[in-house]
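Coordinates from entry_34.pdb are shown below (PDB, C-alpha atoms and all ligand atoms).
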ATOM      1  CA  MET A   1       0.000   0.000   0.000
ATOM      2  CA  GLN A   2       1.153   3.532  -0.793
ATOM      3  CA  ASP A   3       0.026   6.953   0.356
ATOM      4  CA  ALA A   4       0.362  10.437  -1.119
ATOM      5  CA  ILE A   5       3.712  10.943   0.629
ATOM      6  CA  THR A   6       5.379   7.622  -0.220
ATOM      7  CA  SER A   7       4.215   7.769  -3.832
ATOM      8  CA  VAL A   8       5.787  11.228  -4.330
ATOM      9  CA  ILE A   9       8.997  10.237  -2.543
ATOM     10  CA  ASN A  10       9.312   6.889  -4.323
ATOM     11  CA  SER A  11       9.081   8.488  -7.737
ATOM     12  CA  ALA A  12      11.715  11.112  -6.826
ATOM     13  CA  ASP A  13      13.965   8.393  -5.395
ATOM     14  CA  VAL A  14      13.728   6.280  -8.559
ATOM     15  CA  GLN A  15      15.250   9.250 -10.396
ATOM     16  CA  GLY A  16      17.743   9.978  -7.606
ATOM     17  CA  LYS A  17      16.377  13.512  -7.295
ATOM     18  CA  TYR A  18      15.220  15.916  -4.601
ATOM     19  CA  LEU A  19      11.499  16.692  -4.767
ATOM     20  CA  ASP A  20      10.757  19.155  -7.559
ATOM     21  CA  ASP A  21       8.112  21.898  -7.497
ATOM     22  CA  SER A  22       5.313  19.717  -8.763
ATOM     23  CA  ALA A  23       6.133  17.032  -6.189
ATOM     24  CA  MET A  24       6.184  19.678  -3.452
ATOM     25  CA  ASP A  25       2.823  21.022  -4.681
ATOM     26  CA  LYS A  26       1.336  17.547  -4.391
ATOM     27  CA  LEU A  27       2.593  17.260  -0.833
ATOM     28  CA  LYS A  28       1.339  20.746   0.054
ATOM     29  CA  GLY A  29      -2.093  19.854  -1.275
ATOM     30  CA  TYR A  30      -2.121  16.672   0.766
ATOM     31  CA  PHE A  31      -1.003  18.331   4.019
ATOM     32  CA  ALA A  32      -3.432  21.234   3.511
ATOM     33  CA  THR A  33      -6.347  18.798   3.336
ATOM     34  CA  GLY A  34      -5.188  16.687   6.297
ATOM     35  CA  SER A  35      -7.749  17.850   8.813
ATOM     36  CA  LEU A  36     -10.503  17.699   6.177
ATOM     37  CA  ARG A  37      -9.648  14.033   5.597
ATOM     38  CA  VAL A  38      -9.549  13.180   9.286
ATOM     39  CA  ARG A  39     -12.864  14.946   9.960
ATOM     40  CA  ALA A  40     -14.517  13.155   7.050
ATOM     41  CA  ALA A  41     -13.230   9.771   8.188
ATOM     42  CA  THR A  42     -14.494  10.428  11.718
ATOM     43  CA  ALA A  43     -17.990  11.229  10.404
ATOM     44  CA  ILE A  44     -17.995   8.186   8.104
ATOM     45  CA  ASN A  45     -16.826   5.844  10.886
ATOM     46  CA  ALA A  46     -19.641   7.019  13.143
ATOM     47  CA  ASN A  47     -22.285   6.630  10.419
ATOM     48  CA  ALA A  48     -21.102   3.673   8.346
ATOM     49  CA  ALA A  49     -24.144   1.480   8.947
ATOM     50  CA  VAL A  50     -26.522   4.332   8.093
ATOM     51  CA  ILE A  51     -24.601   5.199   4.921
ATOM     52  CA  VAL A  52     -24.861   1.596   3.699
ATOM     53  CA  LYS A  53     -28.525   1.330   4.669
ATOM     54  CA  ASP A  54     -29.489   4.596   2.943
ATOM     55  CA  ALA A  55     -27.537   3.647  -0.177
ATOM     56  CA  VAL A  56     -29.329   0.285  -0.355
ATOM     57  CA  ALA A  57     -32.684   2.021   0.086
ATOM     58  CA  LYS A  58     -31.835   4.424  -2.759
ATOM     59  CA  SER A  59     -30.567   1.838  -5.210
ATOM     60  CA  LEU A  60     -31.446  -1.811  -4.587
ATOM     61  CA  LEU A  61     -34.361  -2.176  -2.200
ATOM     62  CA  TYR A  62     -37.750  -2.841  -3.824
ATOM     63  CA  SER A  63     -36.059  -3.752  -7.115
ATOM     64  CA  ASP A  64     -36.115  -7.197  -8.741
ATOM     65  CA  ILE A  65     -32.732  -7.910  -7.174
ATOM     66  CA  THR A  66     -34.295  -8.418  -3.732
ATOM     67  CA  ARG A  67     -37.160 -10.611  -5.067
ATOM     68  CA  PRO A  68     -37.058 -14.366  -5.762
ATOM     69  CA  GLY A  69     -34.577 -15.015  -8.574
ATOM     70  CA  GLY A  70     -32.617 -11.828  -7.759
ATOM     71  CA  ASN A  71     -29.037 -12.001  -6.548
ATOM     72  CA  MET A  72     -29.867 -10.415  -3.149
ATOM     73  CA  TYR A  73     -32.769 -12.779  -2.502
ATOM     74  CA  THR A  74     -32.376 -14.916   0.636
ATOM     75  CA  THR A  75     -31.007 -13.369   3.780
ATOM     76  CA  ARG A  76     -27.607 -14.981   3.207
ATOM     77  CA  ARG A  77     -27.104 -13.204  -0.098
ATOM     78  CA  TYR A  78     -28.690  -9.976   1.168
ATOM     79  CA  ALA A  79     -26.193 -10.006   4.041
ATOM     80  CA  ALA A  80     -23.284 -10.741   1.660
ATOM     81  CA  CYS A  81     -24.250  -7.695  -0.398
ATOM     82  CA  ILE A  82     -24.484  -5.401   2.644
ATOM     83  CA  ARG A  83     -21.126  -6.726   3.812
ATOM     84  CA  ASP A  84     -19.569  -6.017   0.399
ATOM     85  CA  LEU A  85     -20.875  -2.427   0.471
ATOM     86  CA  ASP A  86     -19.409  -2.003   3.930
ATOM     87  CA  TYR A  87     -16.035  -3.226   2.565
ATOM     88  CA  TYR A  88     -16.215  -0.643  -0.229
ATOM     89  CA  LEU A  89     -17.026   2.152   2.203
ATOM     90  CA  ARG A  90     -14.288   1.166   4.651
ATOM     91  CA  TYR A  91     -11.582   0.750   2.013
ATOM     92  CA  ALA A  92     -12.603   3.950   0.195
ATOM     93  CA  THR A  93     -12.209   5.731   3.552
ATOM     94  CA  TYR A  94      -8.726   4.234   4.045
ATOM     95  CA  ALA A  95      -7.736   5.312   0.518
ATOM     96  CA  MET A  96      -9.127   8.823   1.105
ATOM     97  CA  LEU A  97      -7.045   9.107   4.305
ATOM     98  CA  ALA A  98      -3.956   7.853   2.445
ATOM     99  CA  GLY A  99      -4.670  10.093  -0.547
ATOM    100  CA  ASP A 100      -3.817   7.135  -2.775
ATOM    101  CA  PRO A 101      -5.885   4.343  -4.376
ATOM    102  CA  SER A 102      -3.280   1.548  -4.274
ATOM    103  CA  ILE A 103      -4.887  -0.130  -1.258
ATOM    104  CA  LEU A 104      -8.030  -0.610  -3.368
ATOM    105  CA  ASP A 105      -6.124  -2.495  -6.061
ATOM    106  CA  GLU A 106      -4.350  -4.682  -3.545
ATOM    107  CA  ARG A 107      -7.092  -5.542  -1.082
ATOM    108  CA  VAL A 108     -10.431  -5.021  -2.842
ATOM    109  CA  LEU A 109     -10.279  -5.149  -6.636
ATOM    110  CA  ASN A 110      -7.783  -7.952  -7.086
ATOM    111  CA  GLY A 111      -9.868 -10.834  -8.540
ATOM    112  CA  LEU A 112     -13.174  -9.223  -7.570
ATOM    113  CA  LYS A 113     -14.700  -8.919 -11.035
ATOM    114  CA  GLU A 114     -13.940 -12.587 -11.743
ATOM    115  CA  THR A 115     -15.508 -13.599  -8.402
ATOM    116  CA  TYR A 116     -18.639 -11.558  -9.130
ATOM    117  CA  ASN A 117     -18.941 -12.969 -12.635
ATOM    118  CA  SER A 118     -18.560 -16.550 -11.475
ATOM    119  CA  LEU A 119     -21.190 -16.083  -8.733
ATOM    120  CA  GLY A 120     -23.589 -14.146 -10.957
ATOM    121  CA  VAL A 121     -23.391 -11.007  -8.789
ATOM    122  CA  PRO A 122     -24.677  -8.197 -11.042
ATOM    123  CA  ILE A 123     -21.917  -5.632 -11.551
ATOM    124  CA  GLY A 124     -24.165  -2.869 -12.912
ATOM    125  CA  ALA A 125     -26.350  -2.956  -9.801
ATOM    126  CA  THR A 126     -23.262  -3.030  -7.577
ATOM    127  CA  ILE A 127     -21.948   0.088  -9.307
ATOM    128  CA  GLN A 128     -25.322   1.801  -8.803
ATOM    129  CA  ALA A 129     -25.183   1.003  -5.097
ATOM    130  CA  ILE A 130     -21.623   2.359  -4.826
ATOM    131  CA  GLN A 131     -22.724   5.536  -6.620
ATOM    132  CA  SER A 132     -25.553   5.872  -4.094
ATOM    133  CA  MET A 133     -23.032   5.507  -1.258
ATOM    134  CA  LYS A 134     -21.045   8.297  -2.908
ATOM    135  CA  GLU A 135     -24.106  10.587  -2.820
ATOM    136  CA  VAL A 136     -25.083   9.671   0.728
ATOM    137  CA  THR A 137     -21.492  10.127   1.935
ATOM    138  CA  ALA A 138     -21.167  13.522   0.233
ATOM    139  CA  SER A 139     -24.333  14.753   1.919
ATOM    140  CA  LEU A 140     -22.881  13.685   5.273
ATOM    141  CA  VAL A 141     -19.326  15.045   4.968
ATOM    142  CA  GLY A 142     -19.893  18.102   2.734
ATOM    143  CA  THR A 143     -18.825  19.011  -0.783
ATOM    144  CA  ASP A 144     -15.020  19.063  -0.547
ATOM    145  CA  ALA A 145     -14.583  15.864   1.429
ATOM    146  CA  GLY A 146     -17.414  14.325  -0.593
ATOM    147  CA  LYS A 147     -15.480  14.987  -3.803
ATOM    148  CA  GLU A 148     -12.386  13.388  -2.353
ATOM    149  CA  MET A 149     -14.320  10.279  -1.265
ATOM    150  CA  GLY A 150     -15.941  10.277  -4.708
ATOM    151  CA  VAL A 151     -12.526   9.743  -6.305
ATOM    152  CA  TYR A 152     -12.160   6.417  -4.496
ATOM    153  CA  PHE A 153     -15.761   5.242  -4.936
ATOM    154  CA  ASP A 154     -15.333   5.927  -8.668
ATOM    155  CA  TYR A 155     -12.025   4.066  -8.620
ATOM    156  CA  ILE A 156     -13.788   0.959  -7.273
ATOM    157  CA  CYS A 157     -16.522   1.292  -9.914
ATOM    158  CA  SER A 158     -14.042   1.545 -12.780
ATOM    159  CA  GLY A 159     -12.113  -1.409 -11.387
ATOM    160  CA  LEU A 160     -15.321  -3.436 -11.462
ATOM    161  CA  SER A 161     -16.453  -2.427 -14.942
TER     162      SER A 161
HETATM  163  C1  LIG A 201     -12.420  -6.876   1.373
HETATM  164  C2  LIG A 201     -12.379  -7.434   0.022
HETATM  165  C3  LIG A 201     -13.507  -8.399  -0.300
HETATM  166  C4  LIG A 201     -14.548  -8.201  -1.173
HETATM  167  C5  LIG A 201     -14.825  -6.969  -1.957
HETATM  168  C6  LIG A 201     -15.336  -9.405  -1.195
HETATM  169  C7  LIG A 201     -16.448  -9.630  -2.011
HETATM  170  C8  LIG A 201     -17.183 -10.852  -2.195
HETATM  171  N1  LIG A 201     -18.528 -10.861  -2.360
HETATM  172  C9  LIG A 201     -18.958 -12.139  -2.475
HETATM  173  C10 LIG A 201     -20.282 -12.590  -2.607
HETATM  174  C11 LIG A 201     -21.465 -11.843  -2.807
HETATM  175  N2  LIG A 201     -21.582 -10.503  -3.076
HETATM  176  C12 LIG A 201     -22.908 -10.151  -3.245
HETATM  177  C13 LIG A 201     -23.292  -8.783  -3.549
HETATM  178  C14 LIG A 201     -24.373  -8.259  -4.247
HETATM  179  N3  LIG A 201     -25.391  -8.953  -4.857
HETATM  180  C15 LIG A 201     -26.259  -8.091  -5.431
HETATM  181  O1  LIG A 201     -27.255  -8.414  -6.113
HETATM  182  C16 LIG A 201     -25.928  -6.678  -5.145
HETATM  183  C17 LIG A 201     -25.979  -5.812  -6.377
HETATM  184  C18 LIG A 201     -24.534  -6.802  -4.524
HETATM  185  C19 LIG A 201     -24.334  -5.871  -3.303
HETATM  186  C20 LIG A 201     -24.173  -4.446  -3.712
HETATM  187  C21 LIG A 201     -23.688 -11.324  -3.026
HETATM  188  C22 LIG A 201     -25.192 -11.446  -3.038
HETATM  189  C23 LIG A 201     -22.780 -12.386  -2.766
HETATM  190  C24 LIG A 201     -23.118 -13.838  -2.503
HETATM  191  C25 LIG A 201     -23.316 -14.548  -3.829
HETATM  192  C26 LIG A 201     -23.595 -16.010  -3.673
HETATM  193  O2  LIG A 201     -22.922 -16.679  -2.859
HETATM  194  O3  LIG A 201     -24.502 -16.467  -4.351
HETATM  195  C27 LIG A 201     -17.817 -13.004  -2.409
HETATM  196  C28 LIG A 201     -17.855 -14.525  -2.490
HETATM  197  C29 LIG A 201     -17.607 -15.176  -1.143
HETATM  198  C30 LIG A 201     -18.636 -14.807  -0.128
HETATM  199  O4  LIG A 201     -19.844 -14.983  -0.365
HETATM  200  O5  LIG A 201     -18.245 -14.258   0.898
HETATM  201  C31 LIG A 201     -16.713 -12.195  -2.255
HETATM  202  C32 LIG A 201     -15.266 -12.658  -2.190
HETATM  203  N4  LIG A 201     -14.772 -10.289  -0.315
HETATM  204  C33 LIG A 201     -13.667  -9.722   0.240
HETATM  205  O6  LIG A 201     -12.914 -10.236   1.106
END

How does this structure look as structure tokens?
Amino acid sequence: MQDAITSVINSADVQGKYLDDSAMDKLKGYFATGSLRVRAATAINANAAVIVKDAVAKSLLYSDITRPGGNMYTTRRYAACIRDLDYYLRYATYAMLAGDPSILDERVLNGLKETYNSLGVPIGATIQAIQSMKEVTASLVGTDAGKEMGVYFDYICSGLS
């Protein structure tokens, strides 16, 4: 896993150079948003279950997916779906704190699409639910932090599609 600091330093080190202006600007941007990130993560941690529940209500509930024949039908599969959404929220929050998406590649997206396809988990509906979490999260944490979280929710969606 990388973060905004290690990724800037690693790429300077590969070239054997001190940090240049653009590298310093990246670091400045990251440090300047530090308290924004911590405040957003605190709000998300305290409201994770509500964020997932509201996102499900907005996107999946009362659709064919929760009826017989749908992939969320039966409490076991419903629970697996809720658990997956909670993974996406938690890992997107880690990535937002780190300011870097690499943790998503390593711990969430690796092999996920293949798993979903082999189990018949609908990817389009999953993406809709993640987009709903993005909206619900933005309304909780405010526009700036919401945009930053949006980067990582979108990253998961493009990794799935
Ligand atoms: C932390 C990294 C990580 C991820 C991401 C993860 C995902 C993941 N989701 C799974 C299943 C599943 N995922 C879903 C999800 C859904 N079905 C729908 O219709 C909805 C659209 C959607 C929720 C948004 C369902 C229903 C299953 C169970 C499928 C089955 O067994 O038939 C499985 C198969 C094994 C299991 O059931 O636990 C994995 C590995 N596991 C991990 O360790």

What do you get, as a list in words, if you spell out every residue that the PyMOL selection byres (((chain A and resi 49-58) around 9) and not hetatm) selects here?
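Evaluating the PyMOL selection byres (((chain A and resi 49-58) around 9) and not hetatm) on this file yields Ile44, Asn45, Ala46, Asn47, Ala48, Ser59, Leu60, Leu61, Tyr62, Ile82, Leu85, Asp86, Leu89, Ala129, Ile130, Gln131, Ser132, Met133, Lys134, Glu135, Val136, Thr137 and Leu140 of chain A.
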
Determine the nearest neighbour of ligand LIG 201 (chain A) from the options A:Tyr87, A:Ala138, A:Thr143, A:Val151, counting all atoms listed in the file.
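Checking each of A:Tyr87, A:Ala138, A:Thr143, A:Val151 against ligand LIG 201 (chain A), counting all atoms listed in the file, the winner is A:Tyr87.
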
Exactly which residues make up the result of the PyMOL selection byres (((not hetatm)) within 6 of (chain A and resi 201)) on this file, given as a PDB file with C-alpha atoms, in the frame of the given file?
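Just written: part-v6.pdb:
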ATOM      1  CA  ILE A  65     -32.732  -7.910  -7.174  1.00  0.00           C
ATOM      2  CA  ASN A  71     -29.037 -12.001  -6.548  1.00  0.00           C
ATOM      3  CA  MET A  72     -29.867 -10.415  -3.149  1.00  0.00           C
ATOM      4  CA  ARG A  77     -27.104 -13.204  -0.098  1.00  0.00           C
ATOM      5  CA  TYR A  78     -28.690  -9.976   1.168  1.00  0.00           C
ATOM      6  CA  ALA A  80     -23.284 -10.741   1.660  1.00  0.00           C
ATOM      7  CA  CYS A  81     -24.250  -7.695  -0.398  1.00  0.00           C
ATOM      8  CA  ILE A  82     -24.484  -5.401   2.644  1.00  0.00           C
ATOM      9  CA  ASP A  84     -19.569  -6.017   0.399  1.00  0.00           C
ATOM     10  CA  LEU A  85     -20.875  -2.427   0.471  1.00  0.00           C
ATOM     11  CA  TYR A  87     -16.035  -3.226   2.565  1.00  0.00           C
ATOM     12  CA  ARG A 107      -7.092  -5.542  -1.082  1.00  0.00           C
ATOM     13  CA  VAL A 108     -10.431  -5.021  -2.842  1.00  0.00           C
ATOM     14  CA  LEU A 119     -21.190 -16.083  -8.733  1.00  0.00           C
ATOM     15  CA  VAL A 121     -23.391 -11.007  -8.789  1.00  0.00           C
ATOM     16  CA  PRO A 122     -24.677  -8.197 -11.042  1.00  0.00           C
ATOM     17  CA  ALA A 125     -26.350  -2.956  -9.801  1.00  0.00           C
ATOM     18  CA  THR A 126     -23.262  -3.030  -7.577  1.00  0.00           C
ATOM     19  CA  ALA A 129     -25.183   1.003  -5.097  1.00  0.00           C
TER      20      ALA A 129
END

Interatomic distance between CA of Gln2 (chain A) and CA of Gly99 (chain A)?
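Separating CA of Gln2 (chain A) from CA of Gly99 (chain A) is a distance of 8.8 Å.
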
Asp21 (chain A) surroundings by all atoms listed in the file, 12 Å radius, close-in-sequence under 6 positions cut, as a PyMOL selection string:
chain A and resi 8+12+27-28

Please write the residues from the selection above to a file, keeping C-alpha atoms, as a CSV table (one decimal), in the coordinates of the input.
chain,number,residue,atom,x,y,z
A,8,VAL,CA,5.8,11.2,-4.3
A,12,ALA,CA,11.7,11.1,-6.8
A,27,LEU,CA,2.6,17.3,-0.8
A,28,LYS,CA,1.3,20.7,0.1

Any idea what the distance is between CA of Ala92 (chain A) and CA of Tyr152 (chain A)?
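Interatomic distance here is 5.3 Å.
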
For the PyMOL selection byres (((chain A and resi 1) around 10) and not hetatm), applied here, can you spell out every residue it catches as a list of chain:residue names?
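Selection result, ordered by chain and number: A:Gln2, A:Asp3, A:Thr6, A:Ser7, A:Ala95, A:Ala98, A:Asp100, A:Pro101, A:Ser102, A:Ile103, A:Leu104, A:Asp105, A:Glu106, A:Arg107.
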
Could you write out that same residue set with C-alpha atoms as a short mmCIF file (atom, residue, chain, number, x, y, z; two decimals), keeping the file's coordinate frame?
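After the write, out_27.cif holds the following:
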data_model
loop_
_atom_site.label_atom_id
_atom_site.label_comp_id
_atom_site.auth_asym_id
_atom_site.auth_seq_id
_atom_site.Cartn_x
_atom_site.Cartn_y
_atom_site.Cartn_z
CA GLN A 2 1.15 3.53 -0.79
CA ASP A 3 0.03 6.95 0.36
CA THR A 6 5.38 7.62 -0.22
CA SER A 7 4.22 7.77 -3.83
CA ALA A 95 -7.74 5.31 0.52
CA ALA A 98 -3.96 7.85 2.44
CA ASP A 100 -3.82 7.14 -2.78
CA PRO A 101 -5.88 4.34 -4.38
CA SER A 102 -3.28 1.55 -4.27
CA ILE A 103 -4.89 -0.13 -1.26
CA LEU A 104 -8.03 -0.61 -3.37
CA ASP A 105 -6.12 -2.50 -6.06
CA GLU A 106 -4.35 -4.68 -3.54
CA ARG A 107 -7.09 -5.54 -1.08
#

Separating CA of Ser63 (chain A) from CA of Ala79 (chain A), to the nearest tenth of an Å, is a gap of 16.2 Å

Rank A:Ala40, A:Tyr91, A:Val141, A:Ile156 by their smallest atom-to-atom distance to Leu109 (chain A), using all atoms listed in the file, and report the top residue only.
A:Ile156

With only C-alpha atoms as the counted atoms, please give the residues lying no more than 8 Å from Lys113 (chain A), apart from itself and same-chain residues fewer than 5 positions off, as a PyMOL selection string.
chain A and resi 123+159-161

With all atoms listed in the file as the atoms that count, which of A:Gly120, A:Gly111, A:Gly142, A:Gly150 lies nearest to Gly70 (chain A)?
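Counting all atoms listed in the file, the residue closest to Gly70 (chain A) is A:Gly120.
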
Could you check which of A:Asp154, A:Ile9, A:Arg37, A:Asp20 is closest to Tyr94 (chain A), using only C-alpha atoms?
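Selected residue with least distance to Tyr94 (chain A): A:Arg37.
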